[in-house]
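J.: The structure that follows is given in the form of structure tokens.
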Amino acid sequence: MESINRREFIKSSIGAATAFTVMSQNKSLGAANKVMLGIMGVGGRGRALLSSLVKRSDVVIKYICDADTRRYGPAAEIVMEGHDYKPKFVQDFRKMLDDDEVDAIVISTSDRWHALGTIMACQAGKDVYVEKPLSLSIWDGRKMVEAARKYNRVVQVGTQSRSAPYTDKAAEYIRSGKLGDVYLARVFLMQESGPIHVADVQPVPEGLDYDLWCGPSPKLAYRPGIWFWRLWDFYVGYIMADMTHQIDLARYLIGKKYPDTVCNAGGVYHFNDGREQPDTQFATFEFGKLTVLFEASLWSPYMHRIVHLKDKTKFPDWPFSATKLEICGTKGLMCFGRHGGGWQVFEGDSNVRESKAVVSEPATLKFGSIIDAHFDDFINCIRSRKKPKADVEEAHLSMALCHLANISYRVGNRKLKYDGKTEKFVADNEANKYLKANYRKPWVVPEKV
């Protein structure tokens with residue numbers, strides 16, 4: 001590892017006048033050196049990522065960090081079983097950022113910490129793997145991109161299907177013109193979920209730094225469970241937290257960035273649990289002559305997630321696939337499956353009223369293998385300094401579509417005009433006020449990163 005010739009300490013509006021170390025932007029790793037990691041947030045998703053990381057012989061997991069000390073034991077066991085050493089535990093993630101040995105941070109907290117954690121890690125000279133959904137607002141996401149570029153950091157986002165080998169082949173098929181002119185794409189998240197339970201207010205458990213846990217979000221009375229999933233200030237909604245995968249794949253396949261308009265329909269129709277975000281959501285995006293529709297529901301028990309497909313040499317039952325995409329061209333229809341579903345193109349003769357699959361590309365890989373491939377790309381980019389497959393800006397552009405649909409809902413399901421260059425709505429003050437999330441001091445995303 002190259003030595004650091006100088007340090008630059010910067011004052012940030014993040015935290016109480018905390019100084020962060022910015023490492024040399026030319027820092028690189030030798031091929032024989034292992035990448036030193038710290039992981040922030042080791043709940044269910046964080047432990048799943050640890051289970052993938054410990055398969056690797058080219059990383060050292062130096063730190064486990066969580067605002068709740070009770071989570072250290074189960075996470076440490078995963079590391080010790082896979083790597084036969086005990087990682088250090090820190091409750092405050094800034095201690096990882098102060099360690100010059102740490103090359104990269106894995107952020108697997110809930111939504112509210114993704115933007116600020118990424119920005120602070122970039123400022124500290126760390127590369128970042130951050131889980132989806134990327135941000136709580138469009139403004140947050142743009143600041144994450146600015147931080148990655150300013151400090152020359154690799155920021156990979158957990159939209160893992162970009163690393164599926166069949167994804168590039170599907171995109172190449174569309175771009176070759178074999179599907180014809182594409183005027184319509186449909187994106188789905190149709191599945192069943194339960195109500196969000198809201199427990200009674202309780203004392204903060206011993207070992208939990210509740211102020212740090214809340215972070216940029218409001219410090220409301222403590223309750224156990226995922227009650228905060230109901231609230232905009234904590235969560236983008238169950239639909240958008242998962243739909244961002246399919247939206248990202250659709251945008252990649254059709255090669256689009258910013259829509260001209262967005263119009264949402266739907267609301268909270270099924271659940272009566274006090275949630276602010278829709279349980280039924282349909283949105284229309286206009287990209288010039290191409291229209292993208294997405295359809296989502298959280299009460300559809302007859303739909304099936306492709307991740308549960310056991311035989312990866314077979315294709316999903318497309319009509320009942322909960323996480324599929326349909327790319328409609330003038331020559332054919334492409335059905336594409338997230339979670340390792342592969343893709344097929346169907347052509348047919350309207351006179352015969354029969355369609356047949358003319359191209360078939362099964363996934364062959366289990367979804368867990370796709371996650372491993374995503375980490376392969378991240379580690380390789382740490383060494384090469386190239387942009388990863390799920391670079392933060394690509395994820396931001398995809399997440400912005402989710403935010404746009406949510407904002408249309410919040411202003412009464414109105415059709416909105418959007419200026420992608422400024423990332424603002426055209427002459428709509430009511431909609432523009434939702435472009436930025438609310439922050440609780442001192443955990444404030446700064447205007448200048």
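Chain identifiers are assigned as A, B, and so on, following the order in which chains appear in the structure tokens; residues are numbered from 1 within each chain, and ligands are numbered from 1 in order of appearance.
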Quick one: everything within 10 Å of region 186-199 of chain A, counting only C-alpha atoms, minus sequence neighbours fewer than 5 positions away in the same chain. Send it as a short mmCIF file (atom, residue, chain, number, x, y, z; two decimals) with N, CA and C atoms, in the first residue's frame.

T.:
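The resulting file, around.cif, is shown below:
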```
data_model
loop_
_atom_site.label_atom_id
_atom_site.label_comp_id
_atom_site.auth_asym_id
_atom_site.auth_seq_id
_atom_site.Cartn_x
_atom_site.Cartn_y
_atom_site.Cartn_z
N TYR A 222 -38.94 5.91 21.68
CA TYR A 222 -38.43 4.59 21.30
C TYR A 222 -39.54 3.53 21.32
N ARG A 223 -39.58 2.74 20.26
CA ARG A 223 -40.43 1.56 20.17
C ARG A 223 -39.61 0.45 19.51
N PRO A 224 -39.74 -0.78 19.91
CA PRO A 224 -39.05 -1.86 19.20
C PRO A 224 -39.73 -2.14 17.86
N GLY A 225 -39.00 -2.81 16.97
CA GLY A 225 -39.58 -3.19 15.70
C GLY A 225 -39.32 -2.20 14.58
N ILE A 226 -40.05 -2.38 13.48
CA ILE A 226 -39.83 -1.56 12.28
C ILE A 226 -40.97 -0.57 12.09
N TRP A 227 -41.44 0.00 13.18
CA TRP A 227 -42.51 1.00 13.13
C TRP A 227 -42.15 2.16 12.21
N PHE A 228 -40.86 2.46 12.11
CA PHE A 228 -40.39 3.63 11.34
C PHE A 228 -40.56 3.43 9.84
N TRP A 229 -40.83 2.20 9.40
CA TRP A 229 -41.06 1.97 7.97
C TRP A 229 -42.31 2.69 7.48
N ARG A 230 -43.14 3.17 8.37
CA ARG A 230 -44.39 3.83 7.97
C ARG A 230 -44.20 5.29 7.60
N TYR A 238 -42.08 0.63 1.42
CA TYR A 238 -41.69 -0.74 1.07
C TYR A 238 -41.64 -0.94 -0.44
N ILE A 239 -42.57 -0.32 -1.16
CA ILE A 239 -42.57 -0.48 -2.61
C ILE A 239 -41.29 0.05 -3.21
N MET A 240 -40.96 1.29 -2.93
CA MET A 240 -39.80 1.90 -3.56
C MET A 240 -38.48 1.34 -3.06
N ASP A 242 -37.83 -1.65 -2.68
CA ASP A 242 -37.56 -2.84 -3.48
C ASP A 242 -37.66 -2.58 -4.97
N MET A 243 -38.59 -1.71 -5.35
CA MET A 243 -38.78 -1.39 -6.76
C MET A 243 -37.55 -0.77 -7.39
N THR A 244 -36.69 -0.16 -6.58
CA THR A 244 -35.50 0.48 -7.13
C THR A 244 -34.64 -0.49 -7.92
N HIS A 245 -34.66 -1.79 -7.56
CA HIS A 245 -33.93 -2.79 -8.34
C HIS A 245 -34.47 -2.88 -9.76
N GLN A 246 -35.79 -3.04 -9.89
CA GLN A 246 -36.38 -3.19 -11.21
C GLN A 246 -36.28 -1.91 -12.02
N ILE A 247 -36.47 -0.78 -11.36
CA ILE A 247 -36.32 0.52 -12.05
C ILE A 247 -34.91 0.67 -12.59
N LEU A 249 -32.80 -1.71 -13.43
CA LEU A 249 -32.63 -2.62 -14.56
C LEU A 249 -33.33 -2.08 -15.80
N ALA A 250 -34.52 -1.54 -15.63
CA ALA A 250 -35.25 -0.98 -16.78
C ALA A 250 -34.47 0.17 -17.39
N HIS A 270 -55.12 -0.97 1.19
CA HIS A 270 -55.31 -2.27 1.84
C HIS A 270 -55.01 -2.26 3.34
N PHE A 271 -53.91 -1.62 3.72
CA PHE A 271 -53.46 -1.67 5.11
C PHE A 271 -54.02 -0.50 5.92
N ASN A 272 -54.25 -0.78 7.18
CA ASN A 272 -54.73 0.24 8.10
C ASN A 272 -53.78 0.30 9.30
N ASP A 273 -52.51 0.58 9.01
CA ASP A 273 -51.48 0.55 10.05
C ASP A 273 -50.78 1.89 10.23
N GLY A 274 -51.39 2.94 9.67
CA GLY A 274 -50.83 4.28 9.85
C GLY A 274 -49.69 4.61 8.93
N ARG A 275 -49.47 3.82 7.90
CA ARG A 275 -48.36 4.10 6.99
C ARG A 275 -48.65 5.33 6.13
N ASP A 279 -49.61 1.46 -0.52
CA ASP A 279 -49.50 0.00 -0.65
C ASP A 279 -49.94 -0.45 -2.04
N THR A 280 -50.45 0.51 -2.82
CA THR A 280 -50.85 0.28 -4.20
C THR A 280 -50.34 1.46 -5.01
N GLN A 281 -49.51 1.20 -6.02
CA GLN A 281 -48.86 2.33 -6.68
C GLN A 281 -48.63 2.02 -8.16
N PHE A 282 -49.11 2.91 -8.99
CA PHE A 282 -48.91 2.82 -10.44
C PHE A 282 -48.35 4.18 -10.89
N ALA A 283 -47.30 4.16 -11.66
CA ALA A 283 -46.68 5.42 -12.10
C ALA A 283 -46.36 5.36 -13.58
N THR A 284 -46.48 6.50 -14.22
CA THR A 284 -46.19 6.64 -15.64
C THR A 284 -45.09 7.68 -15.82
N THR A 291 -42.52 5.37 -23.12
CA THR A 291 -43.25 5.45 -21.86
C THR A 291 -42.87 4.26 -20.98
N VAL A 292 -42.58 4.55 -19.73
CA VAL A 292 -42.29 3.51 -18.75
C VAL A 292 -43.42 3.49 -17.73
N LEU A 293 -44.01 2.33 -17.55
CA LEU A 293 -45.07 2.14 -16.55
C LEU A 293 -44.55 1.25 -15.44
N PHE A 294 -44.84 1.61 -14.22
CA PHE A 294 -44.58 0.60 -13.21
C PHE A 294 -45.82 0.35 -12.38
N GLU A 295 -45.96 -0.91 -12.01
CA GLU A 295 -47.15 -1.39 -11.32
C GLU A 295 -46.70 -2.10 -10.06
N ALA A 296 -47.28 -1.71 -8.92
CA ALA A 296 -46.85 -2.28 -7.65
C ALA A 296 -48.02 -2.46 -6.71
N SER A 297 -47.99 -3.55 -5.97
CA SER A 297 -48.97 -3.79 -4.92
C SER A 297 -48.32 -4.63 -3.83
N LEU A 298 -48.84 -4.50 -2.63
CA LEU A 298 -48.30 -5.24 -1.49
C LEU A 298 -49.33 -6.20 -0.91
N TRP A 299 -50.29 -6.60 -1.72
CA TRP A 299 -51.38 -7.46 -1.24
C TRP A 299 -51.72 -8.56 -2.26
N SER A 300 -50.72 -9.04 -2.99
CA SER A 300 -50.95 -9.96 -4.12
C SER A 300 -50.33 -11.33 -3.84
N PRO A 301 -51.02 -12.21 -3.11
CA PRO A 301 -50.42 -13.50 -2.73
C PRO A 301 -50.19 -14.46 -3.88
N TYR A 302 -50.81 -14.20 -5.03
CA TYR A 302 -50.67 -15.09 -6.18
C TYR A 302 -49.43 -14.79 -7.02
N MET A 303 -48.71 -13.71 -6.70
CA MET A 303 -47.48 -13.37 -7.41
C MET A 303 -46.28 -13.96 -6.66
N HIS A 304 -45.24 -14.30 -7.41
CA HIS A 304 -44.11 -15.02 -6.82
C HIS A 304 -42.78 -14.34 -7.17
N ARG A 305 -41.95 -14.18 -6.15
CA ARG A 305 -40.63 -13.58 -6.35
C ARG A 305 -39.70 -14.60 -7.01
N PHE A 320 -47.05 -14.58 -13.51
CA PHE A 320 -47.17 -14.52 -12.06
C PHE A 320 -45.83 -14.16 -11.39
N SER A 321 -44.93 -13.58 -12.16
CA SER A 321 -43.64 -13.15 -11.62
C SER A 321 -43.80 -11.79 -10.95
N ALA A 322 -43.44 -11.70 -9.69
CA ALA A 322 -43.63 -10.47 -8.92
C ALA A 322 -42.59 -9.41 -9.23
N THR A 323 -41.44 -9.81 -9.78
CA THR A 323 -40.32 -8.87 -9.93
C THR A 323 -39.76 -8.93 -11.35
N LYS A 324 -40.63 -8.78 -12.32
CA LYS A 324 -40.22 -8.89 -13.72
C LYS A 324 -40.25 -7.53 -14.41
N LEU A 325 -39.67 -7.49 -15.60
CA LEU A 325 -39.76 -6.35 -16.50
C LEU A 325 -40.27 -6.85 -17.84
N GLU A 326 -41.00 -5.99 -18.55
CA GLU A 326 -41.41 -6.28 -19.92
C GLU A 326 -40.96 -5.11 -20.80
N ILE A 327 -40.10 -5.40 -21.76
CA ILE A 327 -39.64 -4.39 -22.71
C ILE A 327 -40.34 -4.67 -24.02
N CYS A 328 -41.20 -3.75 -24.44
CA CYS A 328 -42.07 -3.98 -25.60
C CYS A 328 -41.50 -3.27 -26.82
N CYS A 335 -39.19 -10.44 -21.79
CA CYS A 335 -39.48 -10.62 -20.38
C CYS A 335 -38.15 -10.83 -19.67
N PHE A 336 -37.91 -10.02 -18.68
CA PHE A 336 -36.62 -10.04 -17.97
C PHE A 336 -36.90 -10.23 -16.48
#
```

J.: Show me a table, sorted first by chain and then by increasing residue number, of the residues of region 79-130 of chain A having an atom at most 12 Å from region 47-67 of chain A, each with its shortest atom pair and the distance in Å to one decimal, counting only C-alpha atoms and written as a tab-separated table.

T.:
```
residue	atom	partner	partner_atom	distance
A:Val79	CA	A:Val54	CA	6.2
A:Met80	CA	A:Val54	CA	8.9
A:Glu81	CA	A:Val54	CA	8.4
A:Gly82	CA	A:Val54	CA	5.1
A:His83	CA	A:Val54	CA	6.3
A:Asp84	CA	A:Val54	CA	9.8
A:Tyr85	CA	A:Ile61	CA	9.2
A:Lys86	CA	A:Lys62	CA	8.3
A:Pro87	CA	A:Lys62	CA	5.0
A:Lys88	CA	A:Tyr63	CA	4.8
A:Phe89	CA	A:Ile64	CA	4.9
A:Val90	CA	A:Cys65	CA	4.9
A:Gln91	CA	A:Ala67	CA	5.0
A:Asp92	CA	A:Ala67	CA	6.8
A:Phe93	CA	A:Cys65	CA	6.0
A:Arg94	CA	A:Cys65	CA	9.6
A:Lys95	CA	A:Cys65	CA	9.2
A:Met96	CA	A:Tyr63	CA	7.0
A:Leu97	CA	A:Tyr63	CA	10.4
A:Asp98	CA	A:Tyr63	CA	11.9
A:Asp99	CA	A:Tyr63	CA	10.1
A:Asp100	CA	A:Lys62	CA	11.7
A:Glu101	CA	A:Lys62	CA	9.0
A:Val102	CA	A:Lys62	CA	7.6
A:Asp103	CA	A:Val60	CA	10.0
A:Ala104	CA	A:Ile61	CA	9.9
A:Ile105	CA	A:Tyr63	CA	9.2
A:Val106	CA	A:Leu49	CA	8.7
A:Ile107	CA	A:Cys65	CA	9.6
A:Ser108	CA	A:Leu49	CA	8.1
A:Thr109	CA	A:Asp66	CA	8.5
A:Ser110	CA	A:Asp66	CA	11.4
A:Trp113	CA	A:Ala67	CA	11.6
A:Tyr129	CA	A:Leu49	CA	10.4
A:Val130	CA	A:Leu49	CA	10.8
```

J.: Take the selection from the previous step and output its residues with N, CA and C atoms, as a short mmCIF file (atom, residue, chain, number, x, y, z; two decimals), in the first residue's frame.

T.:
```cif
data_model
loop_
_atom_site.label_atom_id
_atom_site.label_comp_id
_atom_site.auth_asym_id
_atom_site.auth_seq_id
_atom_site.Cartn_x
_atom_site.Cartn_y
_atom_site.Cartn_z
N VAL A 79 -17.98 -13.67 11.07
CA VAL A 79 -16.60 -13.40 10.67
C VAL A 79 -15.66 -14.47 11.21
N MET A 80 -15.84 -14.84 12.48
CA MET A 80 -14.94 -15.82 13.09
C MET A 80 -15.07 -17.19 12.44
N GLU A 81 -16.29 -17.56 12.04
CA GLU A 81 -16.48 -18.84 11.37
C GLU A 81 -15.85 -18.85 9.98
N GLY A 82 -15.91 -17.70 9.31
CA GLY A 82 -15.38 -17.63 7.95
C GLY A 82 -13.92 -17.30 7.86
N HIS A 83 -13.41 -16.48 8.80
CA HIS A 83 -12.04 -15.98 8.71
C HIS A 83 -11.18 -16.31 9.92
N ASP A 84 -11.77 -16.85 10.95
CA ASP A 84 -11.01 -17.30 12.12
C ASP A 84 -10.27 -16.16 12.82
N TYR A 85 -10.89 -14.99 12.89
CA TYR A 85 -10.38 -13.90 13.73
C TYR A 85 -11.57 -13.09 14.21
N LYS A 86 -11.37 -12.32 15.23
CA LYS A 86 -12.46 -11.55 15.83
C LYS A 86 -12.32 -10.08 15.44
N PRO A 87 -13.29 -9.54 14.72
CA PRO A 87 -13.21 -8.13 14.33
C PRO A 87 -13.44 -7.21 15.52
N LYS A 88 -12.95 -6.00 15.40
CA LYS A 88 -13.17 -4.99 16.44
C LYS A 88 -14.61 -4.49 16.36
N PHE A 89 -15.13 -4.05 17.49
CA PHE A 89 -16.46 -3.46 17.51
C PHE A 89 -16.38 -2.00 17.89
N VAL A 90 -17.11 -1.16 17.14
CA VAL A 90 -17.25 0.26 17.49
C VAL A 90 -18.73 0.62 17.37
N GLN A 91 -19.20 1.43 18.27
CA GLN A 91 -20.59 1.86 18.22
C GLN A 91 -20.75 3.10 17.35
N ASP A 92 -19.74 3.94 17.33
CA ASP A 92 -19.74 5.18 16.55
C ASP A 92 -18.92 4.95 15.28
N PHE A 93 -19.55 5.01 14.12
CA PHE A 93 -18.89 4.69 12.86
C PHE A 93 -17.74 5.63 12.54
N ARG A 94 -17.70 6.81 13.15
CA ARG A 94 -16.62 7.75 12.87
C ARG A 94 -15.26 7.20 13.30
N LYS A 95 -15.27 6.27 14.24
CA LYS A 95 -13.99 5.67 14.65
C LYS A 95 -13.39 4.81 13.53
N MET A 96 -14.24 4.21 12.71
CA MET A 96 -13.73 3.49 11.54
C MET A 96 -13.14 4.46 10.52
N LEU A 97 -13.79 5.59 10.37
CA LEU A 97 -13.34 6.57 9.40
C LEU A 97 -11.99 7.16 9.78
N ASP A 98 -11.69 7.19 11.07
CA ASP A 98 -10.42 7.75 11.54
C ASP A 98 -9.25 6.79 11.40
N ASP A 99 -9.52 5.54 11.05
CA ASP A 99 -8.47 4.53 10.94
C ASP A 99 -7.92 4.51 9.52
N ASP A 100 -6.66 4.91 9.38
CA ASP A 100 -6.05 4.98 8.05
C ASP A 100 -5.88 3.61 7.39
N GLU A 101 -5.94 2.54 8.17
CA GLU A 101 -5.80 1.21 7.59
C GLU A 101 -7.06 0.79 6.83
N VAL A 102 -8.18 1.39 7.14
CA VAL A 102 -9.45 0.99 6.52
C VAL A 102 -9.53 1.57 5.11
N ASP A 103 -9.73 0.68 4.14
CA ASP A 103 -9.83 1.10 2.74
C ASP A 103 -11.25 1.43 2.33
N ALA A 104 -12.21 0.70 2.88
CA ALA A 104 -13.58 0.87 2.41
C ALA A 104 -14.58 0.56 3.53
N ILE A 105 -15.75 1.17 3.40
CA ILE A 105 -16.83 0.99 4.36
C ILE A 105 -18.02 0.35 3.64
N VAL A 106 -18.62 -0.65 4.26
CA VAL A 106 -19.86 -1.24 3.77
C VAL A 106 -20.99 -0.71 4.65
N ILE A 107 -21.97 -0.05 4.03
CA ILE A 107 -23.07 0.57 4.76
C ILE A 107 -24.34 -0.22 4.51
N SER A 108 -24.83 -0.88 5.54
CA SER A 108 -26.04 -1.71 5.41
C SER A 108 -27.05 -1.36 6.49
N THR A 109 -27.07 -0.09 6.86
CA THR A 109 -28.07 0.42 7.79
C THR A 109 -29.41 0.57 7.08
N SER A 110 -30.41 1.06 7.78
CA SER A 110 -31.66 1.43 7.13
C SER A 110 -31.45 2.74 6.34
N TRP A 113 -29.49 6.51 6.99
CA TRP A 113 -28.05 6.72 7.13
C TRP A 113 -27.28 6.56 5.83
N TYR A 129 -19.34 0.70 -0.22
CA TYR A 129 -20.40 -0.16 -0.75
C TYR A 129 -21.63 0.18 0.10
N VAL A 130 -22.67 0.75 -0.53
CA VAL A 130 -23.85 1.18 0.22
C VAL A 130 -25.08 0.46 -0.32
#
```

J.: Return as a ChimeraX atom specification the full set of residues in region 96-260 of chain A whose backbone-based DSSP assignment is alpha helix (DSSP H).

T.: /A:96-97,114-123,138-150,165-175,210-214,238-254

J.: Those selected residues, please, written with C-alpha atoms and delivered as a JSON list (two decimals), in the first residue's frame.

T.:
```json
[["chain", "number", "residue", "atom", "x", "y", "z"],
["A", 96, "MET", "CA", -13.73, 3.49, 11.54],
["A", 97, "LEU", "CA", -13.34, 6.57, 9.40],
["A", 114, "HIS", "CA", -27.19, 5.84, 3.53],
["A", 115, "ALA", "CA", -26.57, 9.34, 2.20],
["A", 116, "LEU", "CA", -24.82, 10.87, 5.19],
["A", 117, "GLY", "CA", -22.75, 7.76, 5.92],
["A", 118, "THR", "CA", -21.56, 7.61, 2.31],
["A", 119, "ILE", "CA", -20.66, 11.29, 2.19],
["A", 120, "MET", "CA", -18.72, 11.14, 5.46],
["A", 121, "ALA", "CA", -16.86, 8.03, 4.32],
["A", 122, "CYS", "CA", -15.90, 9.69, 1.04],
["A", 123, "GLN", "CA", -14.65, 12.74, 2.93],
["A", 138, "ILE", "CA", -33.22, 13.33, -4.86],
["A", 139, "TRP", "CA", -31.08, 16.06, -3.29],
["A", 140, "ASP", "CA", -29.41, 13.55, -0.95],
["A", 141, "GLY", "CA", -28.52, 11.31, -3.87],
["A", 142, "ARG", "CA", -26.94, 14.13, -5.84],
["A", 143, "LYS", "CA", -24.78, 15.06, -2.83],
["A", 144, "MET", "CA", -23.59, 11.45, -2.66],
["A", 145, "VAL", "CA", -22.52, 11.65, -6.30],
["A", 146, "GLU", "CA", -20.75, 14.96, -5.68],
["A", 147, "ALA", "CA", -18.85, 13.50, -2.73],
["A", 148, "ALA", "CA", -17.76, 10.43, -4.69],
["A", 149, "ARG", "CA", -16.44, 12.57, -7.52],
["A", 150, "LYS", "CA", -14.81, 15.26, -5.37],
["A", 165, "PRO", "CA", -24.05, -11.99, -16.47],
["A", 166, "TYR", "CA", -27.32, -12.19, -18.38],
["A", 167, "THR", "CA", -28.10, -8.48, -17.81],
["A", 168, "ASP", "CA", -25.45, -7.22, -20.26],
["A", 169, "LYS", "CA", -26.57, -9.73, -22.89],
["A", 170, "ALA", "CA", -30.17, -8.55, -22.64],
["A", 171, "ALA", "CA", -29.08, -4.92, -23.02],
["A", 172, "GLU", "CA", -26.94, -5.81, -26.05],
["A", 173, "TYR", "CA", -29.91, -7.55, -27.65],
["A", 174, "ILE", "CA", -32.09, -4.44, -27.31],
["A", 175, "ARG", "CA", -29.35, -2.07, -28.49],
["A", 210, "TYR", "CA", -30.72, 5.68, 20.26],
["A", 211, "ASP", "CA", -29.65, 9.19, 19.25],
["A", 212, "LEU", "CA", -27.05, 7.73, 16.89],
["A", 213, "TRP", "CA", -29.52, 5.13, 15.65],
["A", 214, "CYS", "CA", -32.03, 7.84, 14.66],
["A", 238, "TYR", "CA", -41.69, -0.74, 1.07],
["A", 239, "ILE", "CA", -42.57, -0.48, -2.61],
["A", 240, "MET", "CA", -39.80, 1.90, -3.56],
["A", 241, "ALA", "CA", -37.23, 0.27, -1.30],
["A", 242, "ASP", "CA", -37.56, -2.84, -3.48],
["A", 243, "MET", "CA", -38.78, -1.39, -6.76],
["A", 244, "THR", "CA", -35.50, 0.48, -7.13],
["A", 245, "HIS", "CA", -33.93, -2.79, -8.34],
["A", 246, "GLN", "CA", -36.38, -3.19, -11.21],
["A", 247, "ILE", "CA", -36.32, 0.52, -12.05],
["A", 248, "ASP", "CA", -32.52, 0.39, -12.23],
["A", 249, "LEU", "CA", -32.63, -2.62, -14.56],
["A", 250, "ALA", "CA", -35.25, -0.98, -16.78],
["A", 251, "ARG", "CA", -33.22, 2.19, -17.06],
["A", 252, "TYR", "CA", -30.12, 0.16, -17.92],
["A", 253, "LEU", "CA", -31.90, -1.88, -20.57],
["A", 254, "ILE", "CA", -33.58, 1.06, -22.30]]
```

J.: Would you return as a PyMOL selection string the members of region 49-226 of chain A that DSSP assigns to strand (DSSP E or B) on this structure's backbone?

T.: chain A and resi 59-65+68+88-90+104-107+127-130+155-157+182-190+192+208

J.: Keeping only N, CA and C atoms, write the selected residues to a file as a short mmCIF file (atom, residue, chain, number, x, y, z; two decimals), in the first residue's frame.

T.:
```cif
data_model
loop_
_atom_site.label_atom_id
_atom_site.label_comp_id
_atom_site.auth_asym_id
_atom_site.auth_seq_id
_atom_site.Cartn_x
_atom_site.Cartn_y
_atom_site.Cartn_z
N VAL A 59 -10.08 -9.97 1.52
CA VAL A 59 -10.53 -8.89 2.38
C VAL A 59 -10.29 -9.24 3.84
N VAL A 60 -10.14 -8.20 4.64
CA VAL A 60 -10.08 -8.32 6.09
C VAL A 60 -11.19 -7.45 6.65
N ILE A 61 -12.07 -8.01 7.44
CA ILE A 61 -13.15 -7.24 8.06
C ILE A 61 -12.64 -6.80 9.42
N LYS A 62 -12.10 -5.59 9.46
CA LYS A 62 -11.46 -5.10 10.68
C LYS A 62 -12.47 -4.64 11.72
N TYR A 63 -13.56 -4.01 11.23
CA TYR A 63 -14.53 -3.41 12.16
C TYR A 63 -15.95 -3.90 11.89
N ILE A 64 -16.66 -4.10 12.95
CA ILE A 64 -18.11 -4.22 12.93
C ILE A 64 -18.66 -3.03 13.72
N CYS A 65 -19.61 -2.32 13.12
CA CYS A 65 -20.14 -1.12 13.76
C CYS A 65 -21.66 -1.19 13.77
N ASP A 68 -26.37 -0.44 18.08
CA ASP A 68 -26.88 -1.38 19.08
C ASP A 68 -25.80 -2.42 19.38
N LYS A 88 -12.95 -6.00 15.40
CA LYS A 88 -13.17 -4.99 16.44
C LYS A 88 -14.61 -4.49 16.36
N PHE A 89 -15.13 -4.05 17.49
CA PHE A 89 -16.46 -3.46 17.51
C PHE A 89 -16.38 -2.00 17.89
N VAL A 90 -17.11 -1.16 17.14
CA VAL A 90 -17.25 0.26 17.49
C VAL A 90 -18.73 0.62 17.37
N ALA A 104 -12.21 0.70 2.88
CA ALA A 104 -13.58 0.87 2.41
C ALA A 104 -14.58 0.56 3.53
N ILE A 105 -15.75 1.17 3.40
CA ILE A 105 -16.83 0.99 4.36
C ILE A 105 -18.02 0.35 3.64
N VAL A 106 -18.62 -0.65 4.26
CA VAL A 106 -19.86 -1.24 3.77
C VAL A 106 -20.99 -0.71 4.65
N ILE A 107 -21.97 -0.05 4.03
CA ILE A 107 -23.07 0.57 4.76
C ILE A 107 -24.34 -0.22 4.51
N ASP A 127 -13.49 4.19 0.23
CA ASP A 127 -14.43 3.73 -0.78
C ASP A 127 -15.65 3.16 -0.05
N VAL A 128 -16.76 3.03 -0.79
CA VAL A 128 -18.03 2.70 -0.12
C VAL A 128 -18.82 1.68 -0.93
N TYR A 129 -19.34 0.70 -0.22
CA TYR A 129 -20.40 -0.16 -0.75
C TYR A 129 -21.63 0.18 0.10
N VAL A 130 -22.67 0.75 -0.53
CA VAL A 130 -23.85 1.18 0.22
C VAL A 130 -25.08 0.46 -0.32
N VAL A 155 -17.80 4.19 -5.28
CA VAL A 155 -19.03 3.98 -4.52
C VAL A 155 -19.92 3.03 -5.30
N GLN A 156 -20.00 1.80 -4.80
CA GLN A 156 -20.84 0.77 -5.40
C GLN A 156 -22.14 0.66 -4.60
N VAL A 157 -23.26 0.57 -5.30
CA VAL A 157 -24.57 0.50 -4.66
C VAL A 157 -25.11 -0.93 -4.79
N VAL A 182 -38.39 0.50 -29.36
CA VAL A 182 -39.01 0.29 -28.05
C VAL A 182 -39.77 1.56 -27.66
N TYR A 183 -41.06 1.42 -27.51
CA TYR A 183 -41.91 2.55 -27.11
C TYR A 183 -42.53 2.38 -25.73
N LEU A 184 -42.42 1.17 -25.17
CA LEU A 184 -43.08 0.91 -23.89
C LEU A 184 -42.26 -0.08 -23.07
N ALA A 185 -42.12 0.23 -21.79
CA ALA A 185 -41.51 -0.69 -20.83
C ALA A 185 -42.39 -0.74 -19.60
N ARG A 186 -42.59 -1.95 -19.07
CA ARG A 186 -43.41 -2.14 -17.88
C ARG A 186 -42.56 -2.79 -16.79
N VAL A 187 -42.67 -2.25 -15.59
CA VAL A 187 -41.85 -2.68 -14.47
C VAL A 187 -42.79 -3.08 -13.32
N PHE A 188 -42.52 -4.22 -12.70
CA PHE A 188 -43.47 -4.77 -11.74
C PHE A 188 -42.84 -5.02 -10.36
N LEU A 189 -43.64 -4.79 -9.34
CA LEU A 189 -43.36 -5.29 -7.99
C LEU A 189 -44.73 -5.65 -7.39
N MET A 190 -45.17 -6.85 -7.67
CA MET A 190 -46.49 -7.30 -7.23
C MET A 190 -46.29 -8.46 -6.27
N GLU A 192 -46.95 -9.94 -1.80
CA GLU A 192 -47.71 -9.86 -0.56
C GLU A 192 -46.79 -9.50 0.59
N LEU A 208 -28.05 0.40 23.44
CA LEU A 208 -28.47 1.06 22.21
C LEU A 208 -28.25 2.56 22.33
#
```

J.: For CA of Asp376 (chain A) and CA of Tyr72 (chain A), determine how far apart the two atoms are, in Å to one decimal place.

T.: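 Straight-line distance from CA of Asp376 (chain A) to CA of Tyr72 (chain A) works out to 25.5 Å.
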
J.: By how many Å are CA of Glu430 (chain A) and CA of Thr261 (chain A) apart?

T.: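 CA of Thr261 (chain A) lies at a distance of 15.6 Å from CA of Glu430 (chain A).
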
J.: Give me the residues near Arg414 (chain A) as a list in words, where near means some atom within 7 Å (using only C-alpha atoms) and where sequence neighbours in that chain fewer than 4 positions away do not count.

T.: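 That gives Cys263, Asn264 and Ser408 of chain A.
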
J.: Those residues you just picked out, can you put them in a file as an mmCIF file, in the first residue's frame with C-alpha atoms?

T.:
```
data_model
loop_
_atom_site.group_PDB
_atom_site.id
_atom_site.type_symbol
_atom_site.label_atom_id
_atom_site.label_comp_id
_atom_site.auth_asym_id
_atom_site.auth_seq_id
_atom_site.Cartn_x
_atom_site.Cartn_y
_atom_site.Cartn_z
ATOM 1 C CA CYS A 263 -47.714 10.857 -12.893
ATOM 2 C CA ASN A 264 -48.563 8.572 -9.992
ATOM 3 C CA SER A 408 -46.383 12.890 -7.412
#
```
